[in-house]
Structures are given as C-alpha cells and as structure tokens.
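Raw contents of run_15.txt, compact mmCIF, C-alpha atoms:
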# COMPACT_ATOMS: atom_id res chain seq x y z
CA MET A 13 125.36 99.84 201.28
CA HIS A 14 122.15 101.77 201.39
CA LYS A 15 123.77 104.64 199.46
CA ILE A 16 125.04 102.26 196.75
CA ASN A 17 121.57 100.72 196.31
CA SER A 18 120.03 104.14 195.99
CA PHE A 19 122.60 105.15 193.39
CA ILE A 20 121.98 101.99 191.34
CA PHE A 21 118.24 102.55 191.55
CA PHE A 22 118.65 106.15 190.42
CA VAL A 23 120.79 105.11 187.41
CA LEU A 24 118.26 102.43 186.42
CA LEU A 25 115.46 104.99 186.66
CA LEU A 26 117.39 107.37 184.42
CA ILE A 27 117.90 104.61 181.83
CA VAL A 28 114.19 103.71 181.83
CA CYS A 29 113.18 107.37 181.49
CA PHE A 30 115.64 107.91 178.67
CA THR A 31 114.51 104.88 176.64
CA SER A 32 110.83 105.75 177.22
CA ALA A 33 111.43 109.29 176.03
CA ASN A 34 113.17 107.96 172.91
CA SER A 35 110.32 105.61 172.04
CA ILE A 36 107.74 108.33 172.59
CA LEU A 37 109.66 110.65 170.29
CA ALA A 38 110.02 107.90 167.68
CA ASP A 39 106.28 107.22 167.73
CA SER A 40 105.34 110.87 167.71
CA SER A 41 104.91 110.93 163.90
CA SER A 42 102.07 108.36 164.11
CA PHE A 43 99.98 110.84 165.98
CA SER A 44 100.46 113.72 163.44
CA LEU A 45 97.78 114.68 160.85
CA PRO A 46 98.22 113.51 157.22
CA PRO A 47 99.88 116.29 155.18
CA LEU A 48 97.27 116.20 152.39
CA ASN A 49 93.49 116.42 152.43
CA ILE A 50 91.65 114.99 149.42
CA ASN A 51 88.02 115.86 148.89
CA ILE A 52 85.75 114.59 146.08
CA LEU A 53 83.64 117.58 145.00
CA SER A 54 81.28 115.85 142.55
CA LYS A 55 79.66 113.50 145.09
CA GLN A 56 76.10 114.52 144.18
CA THR A 57 76.50 114.62 140.40
CA LEU A 58 78.08 111.28 139.64
CA ASN A 59 74.88 109.26 139.24
CA GLY A 60 74.04 108.64 135.59
CA ILE A 61 73.07 106.24 132.81
CA ALA A 62 75.33 103.67 131.14
CA GLY A 63 77.04 105.38 128.23
CA ASP A 64 77.26 108.79 129.92
CA TYR A 65 80.56 110.60 130.22
CA VAL A 66 81.01 112.27 133.63
CA THR A 67 83.79 114.23 135.27
CA VAL A 68 84.99 113.27 138.73
CA SER A 69 86.15 116.50 140.32
CA ALA A 70 88.31 116.43 143.40
CA GLU A 71 90.47 118.87 145.31
CA ILE A 72 93.77 118.21 147.04
CA THR A 73 94.92 120.54 149.84
CA ASN A 74 98.32 120.65 151.47
CA ILE A 75 97.45 121.14 155.14
CA SER A 76 101.03 120.73 156.38
CA GLN A 77 103.56 123.50 157.02
CA LYS A 78 105.96 122.44 154.27
CA THR A 79 105.94 122.07 150.49
CA ILE A 80 105.28 118.54 149.27
CA THR A 81 106.64 117.27 145.95
CA ASN A 82 106.10 114.29 143.63
CA ILE A 83 102.54 113.26 144.36
CA THR A 84 100.74 110.73 142.17
CA THR A 85 96.95 110.72 142.38
CA TYR A 86 94.61 108.18 140.86
CA LEU A 87 91.10 106.77 141.14
CA SER A 88 90.12 103.46 142.60
CA MET A 89 86.66 102.06 142.07
CA ALA A 90 84.80 99.01 143.36
CA ASP A 91 81.56 97.37 142.27
CA GLU A 92 79.35 97.21 145.36
CA GLU A 93 77.22 94.40 143.96
CA THR A 94 79.98 91.99 143.00
CA LYS A 95 82.35 93.28 145.71
CA LEU A 96 85.14 93.42 143.16
CA PRO A 97 87.43 96.25 142.05
CA VAL A 98 86.64 97.76 138.66
CA ASP A 99 89.24 97.75 135.89
CA LEU A 100 89.35 101.44 135.07
CA GLU A 101 90.76 100.82 131.62
CA ASP A 102 87.29 99.62 130.58
CA TRP A 103 85.89 102.90 131.87
CA SER A 104 88.35 104.97 129.83
CA ALA A 105 89.59 106.84 132.87
CA GLU A 106 92.86 108.75 132.68
CA LYS A 107 95.50 106.71 134.39
CA GLY A 108 96.79 109.12 137.02
CA LEU A 109 97.46 112.77 137.68
CA PHE A 110 100.90 113.80 138.80
CA ILE A 111 101.49 116.82 141.01
CA GLY A 112 105.05 118.04 140.91
CA THR A 113 104.83 120.49 143.81
CA ILE A 114 102.10 121.64 146.16
CA ASP A 115 102.92 124.48 148.54
CA SER A 116 101.75 124.68 152.13
CA LYS A 117 98.03 125.55 152.38
CA GLN A 118 97.71 125.38 148.55
CA LYS A 119 94.65 123.76 146.93
CA LEU A 120 94.80 122.09 143.51
CA PRO A 121 91.93 120.72 141.41
CA LEU A 122 91.90 117.14 140.12
CA ASP A 123 89.59 116.04 137.29
CA TRP A 124 89.04 112.64 135.74
CA LYS A 125 86.71 111.98 132.83
CA ILE A 126 85.11 108.55 133.10
CA HIS A 127 82.73 106.71 130.83
CA PHE A 128 79.91 104.72 132.47
CA VAL A 129 80.35 101.30 130.89
CA LYS A 130 78.18 98.99 132.97
CA PRO A 131 75.12 99.67 135.13
CA GLY A 132 75.37 99.00 138.84
CA LYS A 133 76.31 100.51 142.18
CA TYR A 134 79.86 101.66 142.69
CA SER A 135 82.15 103.28 145.25
CA LEU A 136 84.99 105.55 144.33
CA ILE A 137 87.99 107.00 146.16
CA VAL A 138 90.93 109.15 145.17
CA ILE A 139 94.34 107.90 146.27
CA ALA A 140 97.47 110.04 146.60
CA GLU A 141 100.95 108.62 146.87
CA ILE A 142 103.75 110.87 148.03
CA ASN A 143 107.13 109.86 146.72
CA GLY A 144 109.19 108.43 149.57
CA GLU A 145 106.24 107.80 151.88
CA ASN A 146 105.04 104.28 152.66
CA GLN A 147 101.46 105.20 153.46
CA PRO A 148 99.14 106.42 150.68
CA LEU A 149 96.45 108.95 151.47
CA THR A 150 92.84 108.57 150.42
CA SER A 151 89.71 110.66 150.13
CA ASN A 152 86.36 109.71 151.62
CA ILE A 153 84.41 107.06 149.73
CA THR A 154 81.84 108.36 147.23
CA HIS A 155 78.97 106.08 146.26
CA PHE A 156 77.12 106.42 142.96
CA THR A 157 74.70 104.47 140.78
CA VAL A 158 74.85 103.85 137.03
CA SER A 159 71.40 103.12 135.63
CA PRO A 160 70.94 100.77 132.67
CA LYS A 161 70.38 102.17 129.21
CA HIS A 162 67.21 101.08 127.42
CA ASN A 163 67.06 102.03 123.77
CA LEU A 164 65.74 99.70 121.12
CA ASN A 165 66.38 102.02 118.20
CA PRO A 166 69.54 104.04 118.74
CA GLY A 167 70.57 106.21 115.80
CA GLN A 168 67.50 105.03 113.81
CA VAL A 169 69.27 101.77 113.00
CA LEU A 170 66.09 99.64 113.03
CA PRO A 171 64.61 100.99 109.77
CA VAL A 172 67.89 100.23 107.99
CA ALA A 173 68.55 96.92 109.77
CA LEU A 174 65.09 95.59 108.94
CA GLY A 175 64.43 97.57 105.78
CA MET A 176 67.49 96.63 103.72
CA PRO A 177 67.00 92.82 103.85
CA LEU A 178 63.28 93.33 103.11
CA PHE A 179 64.10 95.61 100.20
CA LEU A 180 66.53 93.05 98.77
CA LEU A 181 63.95 90.29 99.26
CA ILE A 182 61.41 92.32 97.29
CA ILE A 183 63.94 92.88 94.51
CA MET A 184 64.71 89.14 94.51
CA MET A 185 61.03 88.25 94.19
CA PHE A 186 60.53 90.85 91.46
CA ALA A 187 63.54 89.51 89.53
CA THR A 188 62.16 85.96 89.85
CA TYR A 189 58.79 87.15 88.55
CA ILE A 190 60.42 88.87 85.57
CA ARG A 191 62.47 85.75 84.81
CA ARG A 192 59.41 83.50 84.93
CA ALA A 193 57.39 85.96 82.83
CA LYS A 194 60.13 85.90 80.15
CA SER A 195 60.28 82.13 80.09
CA MET B 13 83.08 89.90 72.08
CA PHE B 14 84.25 91.68 75.22
CA LYS B 15 80.78 93.16 75.66
CA TYR B 16 79.21 89.75 75.21
CA ILE B 17 81.43 88.23 77.91
CA LEU B 18 80.84 91.21 80.22
CA VAL B 19 77.04 91.13 79.85
CA THR B 20 76.87 87.35 80.26
CA GLU B 21 79.08 87.41 83.32
CA LEU B 22 77.23 90.39 84.82
CA GLN B 23 73.98 88.45 84.52
CA ALA B 24 75.62 85.44 86.14
CA SER B 25 77.08 87.59 88.93
CA LEU B 26 74.10 89.78 89.72
CA TYR B 27 70.94 88.29 88.24
CA THR B 28 70.89 84.73 89.55
CA TRP B 29 69.42 83.09 92.63
CA LYS B 30 72.92 82.52 93.93
CA SER B 31 73.87 86.18 93.91
CA THR B 32 70.56 87.45 95.30
CA VAL B 33 70.83 84.99 98.20
CA TRP B 34 74.38 86.21 98.81
CA PHE B 35 73.19 89.81 98.86
CA LEU B 36 70.39 88.90 101.27
CA ILE B 37 72.81 87.14 103.62
CA THR B 38 75.29 90.03 103.35
CA SER B 39 72.54 92.50 104.21
CA ALA B 40 71.48 90.32 107.15
CA ILE B 41 75.09 90.27 108.44
CA PHE B 42 75.35 94.06 108.16
CA SER B 43 71.93 94.50 109.82
CA PHE B 44 72.82 92.20 112.70
CA THR B 45 76.21 93.76 113.38
CA SER B 46 74.96 97.36 113.07
CA TYR B 47 72.09 96.67 115.43
CA LEU B 48 74.31 94.76 117.82
CA PHE B 49 76.91 97.51 117.95
CA LEU B 50 74.39 100.23 118.55
CA THR B 51 72.18 98.50 121.07
CA ASP B 52 74.17 95.91 122.96
CA LYS B 53 74.77 97.30 126.41
CA GLU B 54 78.49 96.66 126.27
CA LEU B 55 79.29 97.17 122.58
CA SER B 56 77.20 100.31 122.23
CA LEU B 57 79.58 101.91 124.68
CA LEU B 58 82.46 101.61 122.22
CA ASP B 59 83.71 104.90 120.90
CA GLN B 60 81.85 105.59 117.69
CA THR B 61 85.10 105.63 115.73
CA GLU B 62 86.03 102.14 116.96
CA MET B 63 82.57 100.99 115.90
CA LEU B 64 83.04 102.44 112.42
CA TRP B 65 86.37 100.69 112.12
CA LEU B 66 84.87 97.34 113.13
CA ILE B 67 82.02 97.73 110.65
CA SER B 68 84.42 98.66 107.84
CA LYS B 69 86.39 95.47 108.54
CA ILE B 70 83.17 93.44 108.45
CA ILE B 71 82.17 95.00 105.09
CA ILE B 72 85.53 94.32 103.46
CA GLY B 73 85.92 90.89 105.08
CA THR B 74 82.47 89.74 103.90
CA ALA B 75 83.13 91.05 100.39
CA LEU B 76 86.53 89.32 100.27
CA LEU B 77 84.96 85.98 101.19
CA ILE B 78 82.15 86.26 98.64
CA ILE B 79 84.48 87.43 95.85
CA THR B 80 86.94 84.61 96.64
CA VAL B 81 84.19 82.01 96.27
CA ASP B 82 82.78 83.64 93.13
CA ALA B 83 86.10 84.33 91.38
CA SER B 84 87.29 80.75 92.05
CA ASN B 85 84.47 79.48 89.84
CA THR B 86 84.33 82.21 87.19
CA ILE B 87 87.10 80.92 84.91
CA ASN B 88 87.09 77.28 86.00
CA ALA B 89 83.42 76.96 85.04
CA GLU B 90 84.43 77.35 81.39
CA PHE B 91 86.95 74.50 81.68
CA GLU B 92 84.68 72.21 83.69
CA LYS B 93 81.67 72.75 81.42
CA GLU B 94 84.02 72.27 78.44
CA THR B 95 82.89 75.54 76.90
CA ALA B 96 86.40 77.03 76.94
CA GLU B 97 87.44 75.35 73.71
CA SER B 98 84.48 76.67 71.72
CA LEU B 99 84.86 80.08 73.35
CA PHE B 100 88.49 80.44 72.31
CA LEU B 101 87.66 79.34 68.75
CA THR B 102 85.73 82.61 68.44
CA PRO B 103 87.58 85.90 67.76
CA LEU B 104 87.65 86.37 71.52
CA THR B 105 91.09 87.30 72.79
CA THR B 106 92.37 86.10 76.18
CA LYS B 107 92.57 89.74 77.22
CA ASP B 108 88.85 90.32 76.52
CA PHE B 109 87.97 87.02 78.18
CA VAL B 110 89.83 87.85 81.38
CA LEU B 111 88.85 91.53 81.44
CA GLY B 112 85.15 90.74 80.94
CA LYS B 113 85.17 88.24 83.77
CA LEU B 114 87.23 90.52 86.01
CA LEU B 115 84.85 93.46 85.58
CA ALA B 116 81.80 91.25 86.15
CA SER B 117 83.33 89.90 89.35
CA LEU B 118 84.19 93.43 90.43
CA ALA B 119 80.53 94.37 89.88
CA LEU B 120 79.68 91.90 92.65
CA TRP B 121 81.89 93.92 95.04
CA ILE B 122 80.22 97.15 93.87
CA ALA B 123 76.81 95.63 94.61
CA ILE B 124 77.94 94.62 98.12
CA TYR B 125 79.39 98.09 98.63
CA LEU B 126 76.11 99.74 97.57
CA ILE B 127 74.23 97.51 100.03
CA SER B 128 76.60 98.63 102.80
CA ILE B 129 76.13 102.37 102.20
CA PRO B 130 72.88 102.79 104.22
CA TYR B 131 74.54 100.99 107.13
CA ILE B 132 77.62 103.21 106.84
CA ILE B 133 75.42 106.30 106.91
CA VAL B 134 73.37 105.24 109.91
CA VAL B 135 76.31 104.05 112.00
CA SER B 136 78.49 107.06 111.24
CA ALA B 137 75.71 109.62 111.83
CA GLY B 138 77.02 112.52 113.87
CA SER B 139 80.67 111.62 113.51
CA HIS B 140 81.54 113.81 110.48
CA LEU B 141 83.29 110.76 109.06
CA THR B 142 80.54 109.51 106.75
CA PHE B 143 82.11 110.85 103.55
CA ALA B 144 85.61 109.63 104.45
CA PHE B 145 84.17 106.25 105.48
CA VAL B 146 82.31 105.85 102.17
CA ILE B 147 85.27 106.91 100.02
CA TYR B 148 87.95 104.93 101.82
CA VAL B 149 85.92 101.71 101.95
CA LEU B 150 85.33 102.07 98.18
CA MET B 151 88.97 102.85 97.39
CA LEU B 152 90.65 100.32 99.68
CA GLY B 153 87.99 97.66 99.10
CA THR B 154 88.29 97.96 95.33
CA MET B 155 92.09 97.72 95.45
CA ILE B 156 92.24 94.66 97.70
CA ILE B 157 89.42 92.88 95.90
CA LEU B 158 90.94 93.57 92.49
CA GLY B 159 94.23 92.15 93.76
CA PHE B 160 92.52 89.05 95.09
CA GLN B 161 90.55 88.55 91.88
CA MET B 162 93.68 88.73 89.71
CA MET B 163 95.47 86.32 92.05
CA ILE B 164 92.54 83.87 91.96
CA PHE B 165 92.27 84.13 88.18
CA GLY B 166 95.99 83.30 88.01
CA ILE B 167 95.41 80.25 90.23
CA SER B 168 92.41 79.26 88.07
CA PHE B 169 94.50 79.23 84.89
CA LEU B 170 97.09 77.04 86.63
CA PHE B 171 94.75 74.53 88.30
CA ARG B 172 91.75 74.61 85.92
CA SER B 173 89.69 73.11 88.75
CA SER B 174 87.09 74.99 90.85
CA LYS B 175 87.65 72.81 93.89
CA ASN B 176 91.43 73.24 93.92
CA THR B 177 91.23 76.95 93.13
CA LEU B 178 88.65 77.55 95.85
CA THR B 179 90.61 75.59 98.46
CA THR B 180 93.86 77.37 97.65
CA SER B 181 92.19 80.78 97.53
CA LEU B 182 90.46 80.27 100.86
CA ILE B 183 93.69 79.19 102.50
CA ILE B 184 95.45 82.28 101.17
CA LEU B 185 92.55 84.45 102.33
CA LEU B 186 92.69 82.95 105.84
CA ALA B 187 96.47 83.32 105.93
CA LEU B 188 96.13 87.03 105.21
CA VAL B 189 92.98 87.85 107.20
CA ILE B 190 93.71 86.03 110.46
CA PRO B 191 96.97 87.89 111.31
CA ALA B 192 95.28 91.14 110.30
CA THR B 193 92.74 90.67 113.08
CA PHE B 194 95.39 90.31 115.80
CA SER B 195 95.54 93.12 118.33
CA SER B 196 98.51 95.46 118.36
CA THR B 197 99.98 93.76 121.43
CA LEU B 198 100.56 90.61 119.35
CA LYS B 199 102.38 92.61 116.67
CA ASN B 200 105.13 93.97 118.83
CA ASN B 201 108.00 91.76 117.70
CA SER B 202 109.95 92.37 114.49
CA LEU B 203 108.60 89.29 112.62
CA SER B 204 104.96 90.26 113.24
CA HIS B 205 105.73 93.83 112.29
CA PHE B 206 107.33 92.69 109.02
CA LEU B 207 104.35 90.44 108.21
CA SER B 208 101.99 93.35 108.95
CA VAL B 209 103.86 95.55 106.52
CA ILE B 210 103.63 93.06 103.63
CA ASN B 211 100.11 91.80 104.37
CA PRO B 212 97.72 93.74 102.09
CA VAL B 213 94.66 92.96 104.25
CA ASP B 214 96.48 94.23 107.35
CA ASN B 215 97.39 97.41 105.49
CA VAL B 216 93.78 97.97 104.43
CA PHE B 217 92.58 97.56 108.03
CA SER B 218 95.38 99.78 109.33
CA SER B 219 94.53 102.49 106.84
CA LEU B 220 90.88 102.38 107.89
CA ASP B 221 92.01 102.61 111.51
CA ASN B 222 94.14 105.63 110.59
CA VAL B 223 91.21 107.34 108.89
CA LEU B 224 88.30 106.43 111.15
CA VAL B 225 89.92 106.26 114.59
CA ASP B 226 92.85 108.67 114.26
CA TYR B 227 91.08 111.14 111.93
CA LYS B 228 93.94 111.16 109.39
CA ILE B 229 91.77 111.56 106.33
CA ALA B 230 94.35 112.84 103.81
CA ILE B 231 95.63 110.35 101.23
CA SER B 232 99.20 111.42 102.02
CA SER B 233 98.74 110.25 105.63
CA ASN B 234 97.71 106.82 104.39
CA LEU B 235 100.29 106.29 101.66
CA LEU B 236 102.27 104.05 104.02
CA TYR B 237 99.34 101.60 103.92
CA ILE B 238 98.12 102.16 100.35
CA ILE B 239 101.48 101.48 98.69
CA PRO B 240 101.78 97.86 99.95
CA VAL B 241 98.23 97.19 98.68
CA LEU B 242 99.18 98.60 95.27
CA ILE B 243 102.31 96.42 95.27
CA PHE B 244 100.09 93.42 96.07
CA CYS B 245 97.82 94.32 93.11
CA LEU B 246 100.83 94.62 90.85
CA ALA B 247 102.22 91.27 92.03
CA ALA B 248 98.81 89.63 91.53
CA PHE B 249 98.59 91.11 88.03
CA THR B 250 102.05 89.82 87.17
CA PHE B 251 101.14 86.38 88.52
CA MET B 252 97.94 86.37 86.44
CA LEU B 253 99.87 87.31 83.28
CA TYR B 254 102.39 84.53 83.98
CA SER B 255 99.57 82.00 84.50
CA ILE B 256 97.89 83.08 81.26
CA LYS B 257 101.21 82.65 79.43
CA LEU B 258 101.54 79.11 80.83
CA PHE B 259 97.90 78.42 79.91
CA LYS B 260 98.49 79.53 76.32
CA ARG B 261 101.63 77.40 76.10
CA SER B 262 99.86 74.27 77.38
CA GLY B 263 96.76 74.89 75.27
CA ILE B 264 93.08 75.08 76.08
CA VAL B 265 92.89 71.33 76.53
CA ASN B 266 95.49 70.57 79.15
CA LYS B 267 98.24 68.46 77.73
CA ASP B 268 99.20 67.06 81.19
Starting from the coordinates I provided, produce the structure as structure tokens.
Amino acid sequence: MHKINSFIFFVLLLIVCFTSANSILADSSSFSLPPLNINILSKQTLNGIAGDYVTVSAEITNISQKTITNITTYLSMADEETKLPVDLEDWSAEKGLFIGTIDSKQKLPLDWKIHFVKPGKYSLIVIAEINGENQPLTSNITHFTVSPKHNLNPGQVLPVALGMPLFLLIIMMFATYIRRAKS
Amino acid sequence: MFKYILVTELQASLYTWKSTVWFLITSAIFSFTSYLFLTDKELSLLDQTEMLWLISKIIIGTALLIITVDASNTINAEFEKETAESLFLTPLTTKDFVLGKLLASLALWIAIYLISIPYIIVVSAGSHLTFAFVIYVLMLGTMIILGFQMMIFGISFLFRSSKNTLTTSLIILLALVIPATFSSTLKNNSLSHFLSVINPVDNVFSSLDNVLVDYKIAISSNLLYIIPVLIFCLAAFTFMLYSIKLFKRSGIVNKD
C-alpha cells in the first residue's frame, strides 16, 4: 500500500513538473528583447516656428540574430496641450516608410519631412510594425515645441492690399472731378 | 457706327459710378483674400501653389459674376429704354451692334484683370510661376467670359428683359460654378466625372490647377481642358446667332 501511494505521488509530481516546464517554455518569448531598436536622432533640432519644414530623422537597428522582413514604420504625434492625436495629413508628413528586409545587426535611416502647421507643444514617436507580429515596436517619445509665427506683412502684401483700393479711389475721385468740370 | 457703339458702351462700362464702385469692391476682395492667405496662421501654411490656384479661382469667379450682371443689362437696356427702335433705324447693322457691346463688356473683364495683376505678382513672388499665372488667367478668363457674354446676349435677345435675363444668367452661372468648386473626392463617380468634362468653369479651374499646382505650363498639357472651353464658346456663339435670327424675325418691337 505504501509503495503504491509513493508511485502515485511520483507520477503526479512528474505530471506537475512536465506541465510547469511547458508553460515556462511557452512564456519564454515574453522575456526576450524586442528584435528592433528605433531611435529618433533629431530630438534636439525639432523645435521651430509654424510654417517651417523640418526633417524627423530616425534610425532602426535589427538587434536580433535573424533577418527581419516586411516592416512598416510611421510617425505618430500627439498635441500635449489638447491631449489629442494630430492628424498627420494636415502636417504633410509622408504616410509610412516600408522596409523590405533588415539583416541582423544592420542599421537603416528613416526620414520624414513634416511641415509645422499649428503652434503648440507636441510629442512624437516612431512606430514599427513587423508583418505577422501582433505587437508593434516604438521609439522613445520626443517632445518639441512649435512657436507661433508673427508676420504682419509677409511677401510685402500690405502695400498692394492697401495701395490698390486707395489708388482706385483716387482715380474714381479724379474721374468724378473731370466729369463735374465738363458739366 | 460700330465705333460709336463701342465708345458709348466703353464709357458706360468703365467711366461710370457703377463700374468704379465695382472695381473698388473687386480690389477690396482681392486685397482681403491676398492678405488673408499670406498672414492667416492656418491659410498661410498652404503650399504657395495651392494659394495661387485659390486666388486664380477668386479672380475668375469675381469677374464672371460682374460680367454676368453687366452683360445681362447691356442689350436689354436698349429695349427697356425704347432706344432700340431708333438705333436700328440708323445704318447700324446687328453685327456692329452686338460686336460693339461685346467688346465693351469684354473691356470690363480686361479692367478687372489689370487690377488683379499686382496681386498676382505679390502672391506668386518666388514661385517662378508669375508669368504662367498672368498668361493663363488672361487666356482662360477671356475664353470663359467671352463664352458667357455670348450666351447672355443670346438670352437677352430672347427675353428682352433685364430681370429675366439676369435671373436666368445667374442660375446658369451658379449651376456651372458650384460643381466646379467640389473637391476631387466628390467627383469620383462617372456622372460627376462626365459633368466635370463638359462644365467649362470646371475645365478652367482644372487647367489652372494643372499649371499652378502641377507645373504643367505647356499649352499641349492643357489642351484637354482648353478644348471643352472652346466648344462652350462655339456653342454660345451659335446660340447667340440663333437668338439674333429669332429677334430679326420677330422684329424690334416684339410681336408677342
């Protein structure tokens, strides 16, 4: 009887060890490092004035041991004052950059040209989606400020905008004077 | 007699209180929009080419409205003031009568165009598109306005009433201008596309878009848009001739 109980206990212990080992192996991927590292290089140079065109430069590095294919990278921006995401179409940003293949330990540059449309404080990240993976990868957040543009006479428009109606008014008054003088 | 009609009509078009007030208001519209585009914190961030395209539409749209109002009254004034009968008793031919009034009305467009030139220059500064802008607005504006004038003259000979001519002309103008201002997303289906192709105002705006935004300056690149406008002018001319024929058949004093 004692021998049978020991045997049953040993079998149960084996089953528990086996299932634990399986679950540990299954969860092992959650403890591995992300395969790509994304770094925004132009952190210090993004501040500007509304109307400026700036380039967001980033770098993507494959830090895994294998080649990765079909990566889509794109920008995501949020307005820190309104706490709302920014529609990048208004900022004329390129939609996304596609990387067909990136070899192990390879670094690739990523550049986006954006147009500062509205003054304010913003945060920006780069997102990478690997085809077939459920979890996107992101860079660190970069914060930048767009200052308002103050220009009352861009392109010397004021002399024309004010001058033309005045000029026509003078002509109108002169024509009226001539007409009255004739009559 | 043609010269007499032309000089009289030119004075009426350009040398009266009415026309000088129109020019002043036109200049104020151009001043406001130019200043707004260049300084407004949102609109000044448009691409310069988009800005040029918007301003070209404003120039042609304003001119179309003014010419429609003026041309609606040009011929009907003779019938309503009852001066048509005495005018046609002179050696004046219908051809000279119509041509004199047409050229005088066209001079109003030329005056509006000349007013717009300083604005064109200042808004297009630095874009290398100033010359193309000036030439294409003149060419396309003249074609569309000539077409509209001939169409309105044709309506005038049929209705012989300023009020009816003006109402009909404005409705036609709205019917052509409103669809032309729709964005491209609303023109995706086959019916909208067909209407865009036959709409002369839409073709003028599309040609200006082609030149100013897409940098396709050559005439050959814009033939697709110019030809429908020319067809519109031809159709308007034919309509005007037909109306004049009906007018001659019914007589100066309307037998109806």
Exercise for review: Pull out every residue of chain A that has at least one atom within 10 Å of chain B, counting all atoms listed in the file, and report them as a ChimeraX atom specification.
Suggested key: /A:62-64,102-103,127-131,160-181,183-185,187-188,191
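Each of B:Ile229, B:Met162, B:Ala123, B:Ile67 was checked against Ser84 in chain B using all atoms listed in the file; the smallest atom-to-atom distance is that of B:Met162.
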Exercise for review: Compare B:Ser25, B:Asn201, B:Thr61, B:Thr250 by their minimum atom-to-atom distance to His140 in chain B, counting only C-alpha atoms, and give me the closest one.
Suggested key: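 Nearest to His140 in chain B: B:Thr61.
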Exercise for review: Grab the CA of His155 in chain A to CA of Leu100 in chain A distance for me, in Å with one decimal place.
Suggested key: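 These two atoms are separated by 16.0 Å.
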**Study point:** Counting only C-alpha atoms, the residue of A:Ile142, A:Ile61, A:Val158, A:Leu87 that sits nearest Ile114 in chain A
**Key:** A:Ile142
Review point. Which residues, written as a PyMOL selection string, have at least one atom at most 8 Å from Asn211 in chain B, with only C-alpha atoms counted and residues fewer than 5 positions away on the same chain left out?
Key: chain B and resi 188+192+240
Review point. Quick one, how far is CA of Ala70 in chain A from CA of Ala90 in chain A?
Key: 17.8 Å
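The spacing separating CA of Ser68 in chain B from CA of Phe244 in chain B amounts to 20.3 Å.
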What's around Ala116 in chain B at 10 Å? Count all atoms listed in the file, leave out sequence neighbours fewer than 5 positions away in its own chain, and write the answer as a short mmCIF file (atom, residue, chain, number, x, y, z; two decimals) with C-alpha atoms, in the frame of the given file.
data_model
loop_
_atom_site.label_atom_id
_atom_site.label_comp_id
_atom_site.auth_asym_id
_atom_site.auth_seq_id
_atom_site.Cartn_x
_atom_site.Cartn_y
_atom_site.Cartn_z
CA ILE B 17 81.43 88.23 77.91
CA LEU B 18 80.84 91.21 80.22
CA VAL B 19 77.04 91.13 79.85
CA THR B 20 76.87 87.35 80.26
CA GLU B 21 79.08 87.41 83.32
CA LEU B 22 77.23 90.39 84.82
CA GLN B 23 73.98 88.45 84.52
CA ALA B 24 75.62 85.44 86.14
CA SER B 25 77.08 87.59 88.93
CA LEU B 26 74.10 89.78 89.72
CA ALA B 83 86.10 84.33 91.38
CA THR B 86 84.33 82.21 87.19
CA VAL B 110 89.83 87.85 81.38
CA LEU B 111 88.85 91.53 81.44
CA TRP B 121 81.89 93.92 95.04
CA ILE B 122 80.22 97.15 93.87
#
Review point. Which of these residues is nearest to Ile167 in chain B, using all atoms listed in the file: B:Met151, B:Ile184, B:Leu66, B:Leu220?
Key: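 So, comparing all the options, the nearest one is B:Ile184.
For the set A:Ile16, A:Leu45, A:Ile50, A:Ile190, the residue with the smallest atom-to-atom gap to Gln77 in chain A is A:Leu45, counting only C-alpha atoms.
Of the listed residues (B:Leu224, B:Ser232, B:Tyr237, B:Leu170), B:Leu170 comes nearest to Met252 in chain B; the distances count all atoms listed in the file.
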